[in-house]
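The data block below is entry_6.csv; it holds CSV, C-alpha atoms and all ligand atoms.
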```
chain,number,residue,atom,x,y,z
A,250,MET,CA,-114.8,-80.6,50.5
A,251,LYS,CA,-112.4,-83.1,48.9
A,252,LYS,CA,-109.3,-81.9,47.0
A,253,HIS,CA,-108.9,-82.3,43.3
A,254,ASN,CA,-106.6,-85.3,43.3
A,255,PHE,CA,-104.3,-85.6,40.3
A,256,SER,CA,-102.0,-88.1,42.0
A,257,ALA,CA,-100.3,-90.7,39.7
A,258,GLY,CA,-100.9,-93.6,42.0
A,259,PRO,CA,-102.0,-94.5,44.5
A,260,CYS,CA,-104.7,-92.3,43.3
A,261,ILE,CA,-108.4,-91.3,43.3
A,262,LEU,CA,-111.0,-94.0,43.6
A,263,PRO,CA,-114.8,-93.5,43.4
A,264,GLU,CA,-116.3,-91.8,46.5
A,265,ASN,CA,-118.9,-94.5,47.1
A,266,VAL,CA,-116.1,-97.1,47.0
A,267,PHE,CA,-114.3,-95.3,49.8
A,268,LYS,CA,-117.5,-95.2,51.7
A,269,LYS,CA,-118.4,-98.9,51.3
A,270,ALA,CA,-114.8,-99.9,52.0
A,271,SER,CA,-114.8,-98.0,55.2
A,272,GLU,CA,-118.1,-99.5,56.3
A,273,ALA,CA,-116.7,-103.0,55.6
A,274,ILE,CA,-113.8,-102.4,57.9
A,275,ILE,CA,-116.3,-101.9,60.8
A,276,ASN,CA,-119.0,-104.4,59.9
A,277,PHE,CA,-118.7,-106.6,56.8
A,278,ASN,CA,-121.9,-108.1,55.2
A,279,ASP,CA,-123.7,-107.6,58.6
A,280,LEU,CA,-121.5,-110.3,60.1
A,281,ASP,CA,-120.8,-108.0,63.1
A,282,LEU,CA,-117.1,-108.6,62.2
A,283,SER,CA,-114.7,-106.5,60.2
A,284,LEU,CA,-113.6,-107.6,56.7
A,285,LEU,CA,-110.1,-107.5,58.1
A,286,GLU,CA,-110.7,-110.1,60.8
A,287,ILE,CA,-112.5,-112.9,59.0
A,288,SER,CA,-110.8,-115.8,57.4
A,289,HIS,CA,-109.9,-115.5,53.7
A,290,ARG,CA,-111.4,-119.0,53.4
A,291,SER,CA,-114.7,-118.0,54.8
A,292,LYS,CA,-117.7,-118.1,52.5
A,293,ASP,CA,-118.1,-114.3,52.6
A,294,PHE,CA,-114.5,-113.7,51.4
A,295,VAL,CA,-114.4,-116.5,48.9
A,296,GLU,CA,-117.4,-114.8,47.3
A,297,VAL,CA,-115.5,-111.5,47.1
A,298,MET,CA,-112.6,-113.1,45.3
A,299,ASP,CA,-114.9,-114.9,42.9
A,300,ARG,CA,-116.8,-111.8,42.1
A,301,ALA,CA,-113.7,-109.6,41.7
A,302,THR,CA,-112.1,-112.1,39.3
A,303,SER,CA,-115.3,-112.7,37.3
A,304,LEU,CA,-116.0,-108.9,37.0
A,305,ALA,CA,-112.4,-108.4,35.7
A,306,ILE,CA,-112.9,-111.0,33.0
A,307,GLU,CA,-116.4,-109.7,32.2
A,308,LEU,CA,-115.4,-106.0,31.9
A,309,LEU,CA,-112.5,-106.9,29.6
A,310,GLY,CA,-114.9,-109.0,27.4
A,311,LEU,CA,-112.9,-112.2,27.9
A,312,GLN,CA,-115.6,-114.6,29.1
A,313,GLY,CA,-115.4,-118.1,27.6
A,314,LYS,CA,-112.1,-117.3,25.9
A,315,GLY,CA,-109.8,-119.4,28.1
A,316,TYR,CA,-108.6,-116.7,30.4
A,317,LYS,CA,-108.2,-116.8,34.2
A,318,ALA,CA,-108.0,-113.7,36.4
A,319,LEU,CA,-105.7,-113.7,39.5
A,320,PHE,CA,-105.2,-111.3,42.3
A,321,LEU,CA,-101.5,-111.6,43.4
A,322,GLN,CA,-99.1,-109.6,45.5
A,323,GLY,CA,-95.8,-108.0,44.9
A,324,GLY,CA,-97.1,-105.3,42.6
A,325,ALA,CA,-96.6,-105.0,38.9
A,326,SER,CA,-92.8,-105.1,39.7
A,327,LEU,CA,-93.0,-108.7,40.7
A,328,GLN,CA,-94.8,-109.4,37.4
A,329,PHE,CA,-91.7,-108.2,35.5
A,330,LEU,CA,-90.0,-111.3,37.0
A,331,MET,CA,-92.9,-113.7,37.0
A,332,VAL,CA,-93.6,-113.2,33.3
A,333,ALA,CA,-90.0,-114.2,32.5
A,334,TYR,CA,-89.9,-117.1,35.0
A,335,ASN,CA,-93.1,-118.6,33.5
A,336,LEU,CA,-92.8,-117.8,29.8
A,337,LEU,CA,-89.2,-117.2,28.8
A,338,ASN,CA,-87.5,-120.2,27.4
A,339,LYS,CA,-84.9,-118.9,25.0
A,340,LYS,CA,-85.8,-115.5,23.6
A,341,ALA,CA,-88.2,-112.7,24.4
A,342,ALA,CA,-88.9,-109.4,22.7
A,343,TYR,CA,-89.6,-106.1,24.5
A,344,LEU,CA,-90.6,-102.7,23.4
A,345,ASN,CA,-88.9,-100.1,25.6
A,346,THR,CA,-91.2,-97.1,26.1
A,347,GLY,CA,-90.1,-95.9,29.6
A,348,THR,CA,-89.0,-96.5,33.1
A,349,TRP,CA,-91.3,-99.4,33.7
A,350,SER,CA,-90.5,-101.2,30.4
A,351,SER,CA,-86.8,-100.7,31.2
A,352,LYS,CA,-87.4,-102.3,34.6
A,353,ALA,CA,-89.3,-105.2,33.0
A,354,ILE,CA,-86.4,-105.8,30.6
A,355,LYS,CA,-83.9,-105.7,33.5
A,356,GLU,CA,-85.8,-108.4,35.4
A,357,ALA,CA,-86.2,-110.7,32.4
A,358,LYS,CA,-82.6,-110.5,31.2
A,359,PRO,CA,-81.2,-113.3,33.3
A,360,PHE,CA,-83.7,-115.8,31.8
A,361,GLY,CA,-82.7,-115.8,28.2
A,362,GLU,CA,-81.9,-113.7,25.1
A,363,LEU,CA,-83.7,-110.3,25.3
A,364,ILE,CA,-84.4,-108.4,22.1
A,365,GLU,CA,-85.3,-104.8,22.6
A,366,VAL,CA,-87.3,-104.3,19.4
A,367,ALA,CA,-87.2,-100.5,19.7
A,368,SER,CA,-86.7,-97.8,22.3
A,369,SER,CA,-87.6,-94.2,22.6
A,370,LYS,CA,-84.9,-93.6,25.2
A,371,ASP,CA,-83.1,-91.3,22.8
A,372,ALA,CA,-85.9,-88.7,23.3
A,373,ASN,CA,-86.4,-89.2,27.0
A,374,PHE,CA,-89.3,-91.6,26.1
A,375,ASN,CA,-91.6,-88.8,24.8
A,376,TYR,CA,-93.0,-90.9,22.0
A,377,ILE,CA,-93.9,-94.5,21.2
A,378,PRO,CA,-91.6,-96.2,18.6
A,379,LYS,CA,-93.4,-97.6,15.6
A,380,GLY,CA,-92.5,-99.8,12.6
A,381,TYR,CA,-90.3,-102.3,14.5
A,382,GLU,CA,-90.1,-106.0,13.8
A,383,ILE,CA,-90.9,-108.7,16.3
A,384,PRO,CA,-88.8,-111.9,15.9
A,385,SER,CA,-91.1,-114.7,15.0
A,386,ASP,CA,-89.2,-117.1,17.3
A,387,ALA,CA,-89.6,-115.1,20.4
A,388,ASP,CA,-91.4,-116.8,23.3
A,389,TYR,CA,-93.4,-113.6,23.8
A,390,PHE,CA,-93.6,-109.9,23.0
A,391,HIS,CA,-93.9,-107.5,26.0
A,392,THR,CA,-95.3,-103.9,25.9
A,393,THR,CA,-96.4,-101.3,28.4
A,394,SER,CA,-99.7,-99.9,27.2
A,395,ASN,CA,-99.5,-96.6,29.2
A,396,ASN,CA,-96.3,-94.9,30.3
A,397,THR,CA,-97.3,-93.4,33.6
A,398,ILE,CA,-94.2,-91.2,34.0
A,399,PHE,CA,-93.8,-89.9,30.5
A,400,GLY,CA,-97.5,-89.6,29.6
A,401,THR,CA,-97.5,-91.7,26.4
A,402,SER,CA,-99.7,-94.6,25.5
A,403,ILE,CA,-99.8,-97.2,22.7
A,404,LYS,CA,-102.8,-96.5,20.5
A,405,SER,CA,-102.3,-99.4,18.2
A,406,PHE,CA,-100.7,-102.7,19.0
A,407,PRO,CA,-98.9,-104.8,16.4
A,408,GLU,CA,-100.3,-107.9,14.8
A,409,THR,CA,-97.9,-110.7,15.8
A,410,ALA,CA,-98.0,-114.5,15.9
A,411,VAL,CA,-96.0,-114.6,19.2
A,412,PRO,CA,-97.9,-114.4,22.5
A,413,MET,CA,-98.4,-110.8,23.7
A,414,VAL,CA,-97.8,-109.7,27.3
A,415,CYS,CA,-98.9,-106.2,28.4
A,416,ASP,CA,-98.3,-104.2,31.5
A,417,MET,CA,-101.6,-102.2,31.8
A,418,SER,CA,-101.0,-100.9,35.3
A,419,SER,CA,-101.9,-97.3,34.5
A,420,ASP,CA,-104.7,-97.7,31.9
A,421,ILE,CA,-106.5,-100.9,32.5
A,422,PHE,CA,-110.3,-100.5,32.4
A,423,SER,CA,-109.9,-97.0,31.0
A,424,ARG,CA,-110.2,-97.6,27.2
A,425,GLN,CA,-111.7,-100.1,24.9
A,426,MET,CA,-109.4,-102.5,23.1
A,427,ASP,CA,-109.5,-106.1,21.9
A,428,PHE,CA,-108.1,-107.6,25.1
A,429,SER,CA,-108.2,-111.0,23.5
A,430,LYS,CA,-105.1,-109.9,21.5
A,431,PHE,CA,-103.1,-110.3,24.7
A,432,ASP,CA,-102.1,-113.6,26.3
A,433,LEU,CA,-101.1,-112.1,29.6
A,434,ILE,CA,-102.2,-108.7,31.0
A,435,TYR,CA,-101.0,-107.5,34.4
A,436,ALA,CA,-101.7,-104.4,36.4
A,437,GLY,CA,-101.0,-103.1,39.9
A,438,ALA,CA,-104.4,-102.3,41.5
A,439,GLN,CA,-103.5,-98.8,42.7
A,440,LYS,CA,-104.6,-96.8,39.7
A,441,ASN,CA,-108.0,-97.7,38.2
A,442,MET,CA,-108.9,-100.5,40.5
A,443,GLY,CA,-108.1,-100.3,44.2
A,444,PRO,CA,-105.5,-99.8,46.9
A,445,ALA,CA,-101.9,-100.8,46.5
A,446,GLY,CA,-101.3,-104.4,47.6
A,447,ALA,CA,-103.1,-106.4,44.9
A,448,THR,CA,-102.0,-107.0,41.3
A,449,LEU,CA,-104.4,-108.2,38.7
A,450,VAL,CA,-103.1,-110.8,36.3
A,451,VAL,CA,-105.3,-112.0,33.4
A,452,ILE,CA,-103.8,-115.0,31.7
A,453,LYS,CA,-104.6,-117.3,28.8
A,454,GLU,CA,-104.1,-120.6,30.4
A,455,ASP,CA,-102.8,-122.4,27.4
A,456,ILE,CA,-99.6,-120.3,27.2
A,457,LEU,CA,-98.3,-122.0,30.4
A,458,GLY,CA,-96.3,-125.1,30.8
A,459,ASN,CA,-93.7,-124.4,28.1
A,460,VAL,CA,-90.6,-123.7,30.2
A,461,GLU,CA,-88.3,-126.4,31.6
A,462,ARG,CA,-87.0,-124.6,34.7
A,463,GLN,CA,-88.3,-125.3,38.2
A,464,ILE,CA,-90.6,-122.4,39.2
A,465,PRO,CA,-90.8,-121.5,42.9
A,466,SER,CA,-94.4,-122.0,44.0
A,467,MET,CA,-95.1,-118.4,44.8
A,468,LEU,CA,-94.0,-117.4,41.3
A,469,ASP,CA,-95.8,-120.1,39.5
A,470,TYR,CA,-99.0,-118.9,37.6
A,471,LYS,CA,-100.2,-122.5,37.4
A,472,ILE,CA,-100.3,-122.9,41.1
A,473,HIS,CA,-102.1,-119.6,41.6
A,474,ILE,CA,-104.6,-120.6,39.0
A,475,ASP,CA,-105.2,-124.0,40.6
A,476,LYS,CA,-105.6,-122.4,44.0
A,477,GLU,CA,-107.8,-119.6,42.7
A,478,SER,CA,-105.6,-116.8,44.1
A,479,MET,CA,-105.7,-118.4,47.5
A,480,PHE,CA,-102.3,-120.3,47.5
A,481,ASN,CA,-101.4,-118.1,50.4
A,482,THR,CA,-103.4,-115.4,52.3
A,483,PRO,CA,-104.5,-112.9,49.7
A,484,PRO,CA,-104.5,-109.1,50.3
A,485,VAL,CA,-108.2,-109.2,51.4
A,486,PHE,CA,-108.8,-105.5,51.7
A,487,ALA,CA,-107.2,-104.6,48.3
A,488,VAL,CA,-109.2,-107.4,46.6
A,489,TYR,CA,-112.4,-106.2,48.2
A,490,VAL,CA,-111.9,-102.6,47.2
A,491,SER,CA,-111.0,-103.7,43.7
A,492,MET,CA,-114.3,-105.6,43.6
A,493,LEU,CA,-116.2,-102.5,44.6
A,494,THR,CA,-114.5,-100.4,42.0
A,495,LEU,CA,-115.2,-103.0,39.3
A,496,GLU,CA,-118.9,-103.1,40.4
A,497,TRP,CA,-118.9,-99.2,40.1
A,498,LEU,CA,-117.5,-99.4,36.6
A,499,LYS,CA,-120.0,-102.1,35.6
A,500,ASP,CA,-122.9,-100.0,36.9
A,501,LEU,CA,-121.6,-97.0,35.0
A,502,GLY,CA,-121.8,-99.0,31.7
A,503,GLY,CA,-118.3,-100.6,31.6
A,504,ILE,CA,-115.2,-99.6,29.7
A,505,SER,CA,-117.0,-98.1,26.7
A,506,ALA,CA,-118.9,-95.7,29.0
A,507,ILE,CA,-115.8,-94.6,31.0
A,508,GLU,CA,-113.8,-94.3,27.8
A,509,LYS,CA,-116.1,-91.5,26.6
A,510,ILE,CA,-115.6,-89.6,29.9
A,511,ASN,CA,-111.9,-90.2,29.8
A,512,GLU,CA,-111.8,-88.8,26.3
A,513,GLN,CA,-113.6,-85.6,27.4
A,514,LYS,CA,-111.2,-85.1,30.4
A,515,ALA,CA,-108.2,-85.6,28.2
A,516,ALA,CA,-109.5,-83.2,25.5
A,517,LEU,CA,-110.1,-80.6,28.1
A,518,ILE,CA,-106.6,-80.6,29.5
A,519,TYR,CA,-104.7,-81.1,26.2
A,520,ASP,CA,-106.7,-78.4,24.4
A,521,GLU,CA,-105.7,-76.0,27.2
A,522,ILE,CA,-102.0,-77.1,27.0
A,523,ASP,CA,-102.0,-76.5,23.3
A,524,ARG,CA,-103.9,-73.2,23.5
A,525,ASN,CA,-102.2,-71.5,26.4
A,526,PRO,CA,-99.0,-69.9,25.4
A,527,LEU,CA,-97.5,-70.4,28.8
A,528,PHE,CA,-97.5,-74.2,28.6
A,529,LYS,CA,-96.2,-76.9,26.3
A,530,GLY,CA,-97.0,-80.6,26.2
A,531,PHE,CA,-94.2,-83.2,26.8
A,532,ALA,CA,-95.4,-86.2,24.9
A,533,ALA,CA,-95.7,-86.5,21.1
A,534,VAL,CA,-99.2,-85.5,20.2
A,535,GLU,CA,-100.3,-88.7,18.5
A,536,ASP,CA,-99.0,-90.8,21.5
A,537,ARG,CA,-100.6,-88.7,24.3
A,538,SER,CA,-101.9,-90.7,27.2
A,539,PHE,CA,-105.5,-90.1,28.3
A,540,MET,CA,-104.6,-91.1,31.9
A,541,ASN,CA,-101.5,-89.0,32.5
A,542,ALA,CA,-101.0,-85.7,30.8
A,543,THR,CA,-97.4,-84.4,31.1
A,544,PHE,CA,-96.6,-80.7,30.4
A,545,ASN,CA,-94.2,-78.0,31.2
A,546,LEU,CA,-94.1,-74.2,31.6
A,547,VAL,CA,-92.5,-72.6,28.6
A,548,ASP,CA,-90.8,-70.2,31.0
A,549,ASP,CA,-89.9,-71.6,34.4
A,550,ALA,CA,-90.0,-68.1,35.9
A,551,HIS,CA,-93.8,-68.7,36.3
A,552,ALA,CA,-93.3,-71.8,38.3
A,553,SER,CA,-93.6,-70.5,41.8
A,554,THR,CA,-96.7,-68.4,41.0
A,555,PHE,CA,-98.3,-71.4,39.2
A,556,ASP,CA,-97.5,-73.8,42.1
A,557,THR,CA,-99.0,-71.4,44.6
A,558,MET,CA,-102.1,-71.0,42.5
A,559,TRP,CA,-102.9,-74.6,42.0
A,560,LYS,CA,-102.3,-75.5,45.6
A,561,GLU,CA,-104.6,-72.6,46.6
A,562,ALA,CA,-107.2,-74.1,44.2
A,563,ARG,CA,-107.1,-77.3,46.4
A,564,ILE,CA,-105.3,-79.3,43.6
A,565,ASN,CA,-103.1,-82.2,44.8
A,566,GLY,CA,-100.4,-84.3,43.2
A,567,LEU,CA,-99.6,-82.2,40.1
A,568,ASN,CA,-95.8,-82.3,40.2
A,569,GLY,CA,-94.2,-84.2,37.3
A,570,HIS,CA,-92.0,-87.2,37.9
A,571,ARG,CA,-88.4,-86.2,38.6
A,572,SER,CA,-87.3,-87.7,35.2
A,573,VAL,CA,-89.6,-85.4,33.3
A,574,GLY,CA,-90.0,-82.3,35.6
A,575,GLY,CA,-92.9,-79.9,35.0
A,576,TYR,CA,-96.4,-81.2,35.7
A,577,ARG,CA,-98.4,-84.4,35.4
A,578,ALA,CA,-102.1,-84.4,35.6
A,579,SER,CA,-103.2,-88.0,36.2
A,580,MET,CA,-106.9,-88.4,35.4
A,581,TYR,CA,-107.8,-91.9,36.2
A,582,ASN,CA,-111.4,-93.3,35.9
A,583,ALA,CA,-112.7,-92.0,39.1
A,584,MET,CA,-111.6,-88.4,38.5
A,585,PRO,CA,-114.6,-86.1,37.8
A,586,ILE,CA,-114.4,-83.7,34.8
A,587,ALA,CA,-114.9,-80.8,37.3
A,588,SER,CA,-111.5,-81.5,38.7
A,589,VAL,CA,-109.9,-81.2,35.3
A,590,GLN,CA,-111.9,-78.0,34.8
A,591,ALA,CA,-110.5,-76.6,38.1
A,592,LEU,CA,-107.0,-77.2,36.8
A,593,VAL,CA,-107.8,-75.6,33.4
A,594,ASP,CA,-109.2,-72.6,35.2
A,595,VAL,CA,-106.0,-72.1,37.1
A,596,MET,CA,-103.9,-72.4,33.9
A,597,GLN,CA,-106.1,-69.7,32.4
A,598,GLU,CA,-105.9,-67.5,35.5
A,599,LEU,CA,-102.1,-67.7,35.2
A,600,GLU,CA,-102.2,-66.6,31.6
A,601,ARG,CA,-104.3,-63.5,32.7
A,602,LYS,CA,-101.8,-62.7,35.5
A,603,ALA,CA,-98.6,-63.2,33.5
B,1,LIG,N1,-95.8,-100.4,35.5
B,1,LIG,C1,-96.4,-99.2,35.4
B,1,LIG,C2,-96.9,-98.8,34.0
B,1,LIG,C3,-96.6,-98.4,36.5
B,1,LIG,O1,-97.1,-97.2,36.4
B,1,LIG,C4,-96.1,-98.9,37.8
B,1,LIG,C5,-96.2,-98.1,39.0
B,1,LIG,N2,-96.5,-96.8,39.0
B,1,LIG,C6,-95.4,-100.1,37.8
B,1,LIG,C7,-95.3,-100.9,36.7
B,1,LIG,C8,-94.9,-100.6,39.1
B,1,LIG,O2,-95.9,-101.0,39.9
B,1,LIG,P1,-95.8,-101.5,41.4
B,1,LIG,O3,-95.4,-100.3,42.2
B,1,LIG,O4,-97.2,-102.0,41.7
B,1,LIG,O5,-94.8,-102.6,41.4
```

Conversion result in structure tokens:
Amino acid sequence: MKKHNFSAGPCILPENVFKKASEAIINFNDLDLSLLEISHRSKDFVEVMDRATSLAIELLGLQGKGYKALFLQGGASLQFLMVAYNLLNKKAAYLNTGTWSSKAIKEAKPFGELIEVASSKDANFNYIPKGYEIPSDADYFHTTSNNTIFGTSIKSFPETAVPMVCDMSSDIFSRQMDFSKFDLIYAGAQKNMGPAGATLVVIKEDILGNVERQIPSMLDYKIHIDKESMFNTPPVFAVYVSMLTLEWLKDLGGISAIEKINEQKAALIYDEIDRNPLFKGFAAVEDRSFMNATFNLVDDAHASTFDTMWKEARINGLNGHRSVGGYRASMYNAMPIASVQALVDVMQELERKA
């Protein structure tokens, strides 16, 4: 029996995606060849890339709105740099909500004036700042929709006239929003989409072409758009598995269907954190992430008993990030509610024993 996998990423993917992906490694599309040994320019793989990019646009509800989807390499971390290279002329505004926003700010700094509109660093990023102002002359405004490490998420995005860029690495395809509010969305695949190695970039084409600097080809969105994500050899396996996961999500009923399940999972764990006197939540209640629930023991004396108990219950990946400590239950799209229930059972068992 499979373990209950609360890993923050790479993380759980749907069981039938693992199965189909493993079959494609042996014999892809009945070609009597592995997916890993055919040309990325073969008809069979070009179809995979086309389907993966069009499913991404369709699931986000962005068809016919001037967006292109790309599968690139270098992780979300390279997007910290590419965004600035392609969009930052003079000034950019960033909301600092955690480790990943801070890294995005660091990478963009050499390209122009960086305005940090607000930061929650003063409270170890346990909340989302609100009520800040975005300079109207900024080239763009950058946010991180879900803060994987601290377990916070932005529930409501500001109205602004400047282009909005969003790192959605840890909550893309998990909750409904008006994605057309954003001009550029990026996400490493390794949470809700597929294996590490591919990064989804969804970009409104008309925001490009406004910087004067020479952009190296591999960092130039325009080139990747013109070459349909095939400027160089794409990460074929990661794109294929992403396509399978997006097909799984579409069959399930899309983002609105998975959102309901994610809400149930989040309610189950947060209700227990709030009810059980042995635990306390880390993130501000109104900013709690539905993907990553962060929590601590009120008294660390229970830590070794709790750690033994959840490991015995075949739970994996529950340790918090070193900058928060405690525990982090990551409940991405593919996690069944039964796994969250298994964790809640252990928390209740600890209460009975303590
Ligand atoms: N942004 C967020 C919100 C993340 O969670 C992560 C990785 N966990 C990154 C960026 C960095 O992604 P990558 O490792 O793909 O560069």

### Query
Leaving out A:Ser466 and any residue of its chain fewer than 5 positions from it, which residues lie within 12 Å of it when counting only C-alpha atoms, given as JSON, numbers by chain?
{"A": [331, 334, 335, 471, 472, 473, 474, 475, 476, 480, 481]}

### Query
How would you write, as a PyMOL selection string, the set of residues no farther than 10 Å from ligand LIG 1 (chain B) when counting only C-alpha atoms and all ligand atoms?
chain A and resi 257-259+322-329+346-353+392-399+402+415-421+435-440+445-449

### Task
Considering all atoms listed in the file, state which residue in the set A:Leu344, A:Ile275, A:Ile377, A:Ala318 is at the smallest distance from A:Asp536.
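Closest to A:Asp536 of all the choices is A:Ile377.
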
### Query
Of the residues A:Thr482, A:Asn568, A:Phe555, A:Leu498, which is the one nearest to A:Arg290, using only C-alpha atoms?
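Among the listed residues, A:Thr482 lies closest to A:Arg290.
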
### Message
Which residues are close to A:Leu311, i.e. within 10 Å by only C-alpha atoms, leaving aside same-chain residues fewer than 4 positions away? Reply as a list in words.
### Response
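So, after excluding close chain neighbours, the residues are Ser303, Ala305, Ile306, Glu307, Gly315, Tyr316, Lys317, Ala318, Asp427, Phe428, Ser429, Val451 and Lys453 of chain A.
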
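Going from atom CA of A:Lys355 to atom CA of A:Leu468 covers 17.3 Å.
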
### Separation of atom CA of A:Glu461 from atom CA of A:Val332, in Å and rounded to one decimal
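Atom-to-atom, atom CA of A:Glu461 and atom CA of A:Val332 are spaced 14.3 Å apart.
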
List as a PDB file with C-alpha atoms, keeping the file's coordinate frame the protein and nucleic acid residues near A:Val595, meaning an atom at most 9 Å away when all atoms listed in the file are counted, but skip any in the same chain fewer than 2 places from it.
```pdb
ATOM      1  CA  PHE A 555     -98.300 -71.400  39.200  1.00  0.00           C
ATOM      2  CA  MET A 558    -102.100 -71.000  42.500  1.00  0.00           C
ATOM      3  CA  TRP A 559    -102.900 -74.600  42.000  1.00  0.00           C
ATOM      4  CA  ALA A 562    -107.200 -74.100  44.200  1.00  0.00           C
ATOM      5  CA  GLN A 590    -111.900 -78.000  34.800  1.00  0.00           C
ATOM      6  CA  ALA A 591    -110.500 -76.600  38.100  1.00  0.00           C
ATOM      7  CA  LEU A 592    -107.000 -77.200  36.800  1.00  0.00           C
ATOM      8  CA  VAL A 593    -107.800 -75.600  33.400  1.00  0.00           C
ATOM      9  CA  GLN A 597    -106.100 -69.700  32.400  1.00  0.00           C
ATOM     10  CA  GLU A 598    -105.900 -67.500  35.500  1.00  0.00           C
ATOM     11  CA  LEU A 599    -102.100 -67.700  35.200  1.00  0.00           C
ATOM     12  CA  GLU A 600    -102.200 -66.600  31.600  1.00  0.00           C
TER      13      GLU A 600
END
```

### Summary
Restricting to only C-alpha atoms, whichever of A:Tyr343, A:Tyr519, A:Phe320, A:Tyr376 is closest to A:Ile452 is A:Phe320

### Task
Can you work out which one of A:Lys509, A:Arg563, A:Lys499, A:Arg577 has the shortest atom-to-atom distance to A:Phe531, counting all atoms listed in the file?
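Result for the nearest residue to A:Phe531: A:Arg577.
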
### Atom-to-atom span, atom CA of A:Ser271 and atom CA of A:Ala487, Å
12.2 Å

### Selected residue of minimal separation from A:Ser288 among A:Glu535, A:Leu319, A:Glu365, A:Met479, counting all atoms listed in the file
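Nearest candidate to A:Ser288 out of A:Glu535, A:Leu319, A:Glu365, A:Met479: A:Met479.
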
### Message
Taking 2 positions as the minimum chain separation for residues in the same chain, which residues sit within 12 Å of A:Ile287 when counting all atoms listed in the file? Answer as JSON, numbers by chain.
### Response
{"A": [273, 274, 275, 276, 277, 278, 280, 281, 282, 283, 284, 285, 289, 290, 291, 292, 293, 294, 295, 482, 485, 486]}

### Task
Determine, counting only C-alpha atoms, which protein, DNA and RNA residues have an atom within 12 Å of an atom of A:Ile586; residues of the same chain fewer than 2 positions away are not included. Present the result as a list in words.
His253, Asn254, Phe255, Ile507, Lys509, Ile510, Asn511, Glu512, Gln513, Lys514, Ala515, Ala516, Leu517, Ile518, Met580, Tyr581, Asn582, Ala583, Met584, Ser588, Val589, Gln590, Ala591, Leu592 and Val593 of chain A

### Residue nearest A:Pro465 - candidates A:Leu330, A:Pro263, A:Ile522, A:Lys404, atoms counted: all atoms listed in the file
A:Leu330

### Residue list as a list of chain:residue names for point (-91.8, -86.4, 27.1), cut-off 9 Å, all atoms listed in the file
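Every polymer residue passing the test: A:Ala372, A:Asn373, A:Phe374, A:Asn375, A:Tyr376, A:Ile398, A:Phe399, A:Gly400, A:Thr401, A:Gly530, A:Phe531, A:Ala532, A:Ala533, A:Thr543, A:Phe544, A:Val573.
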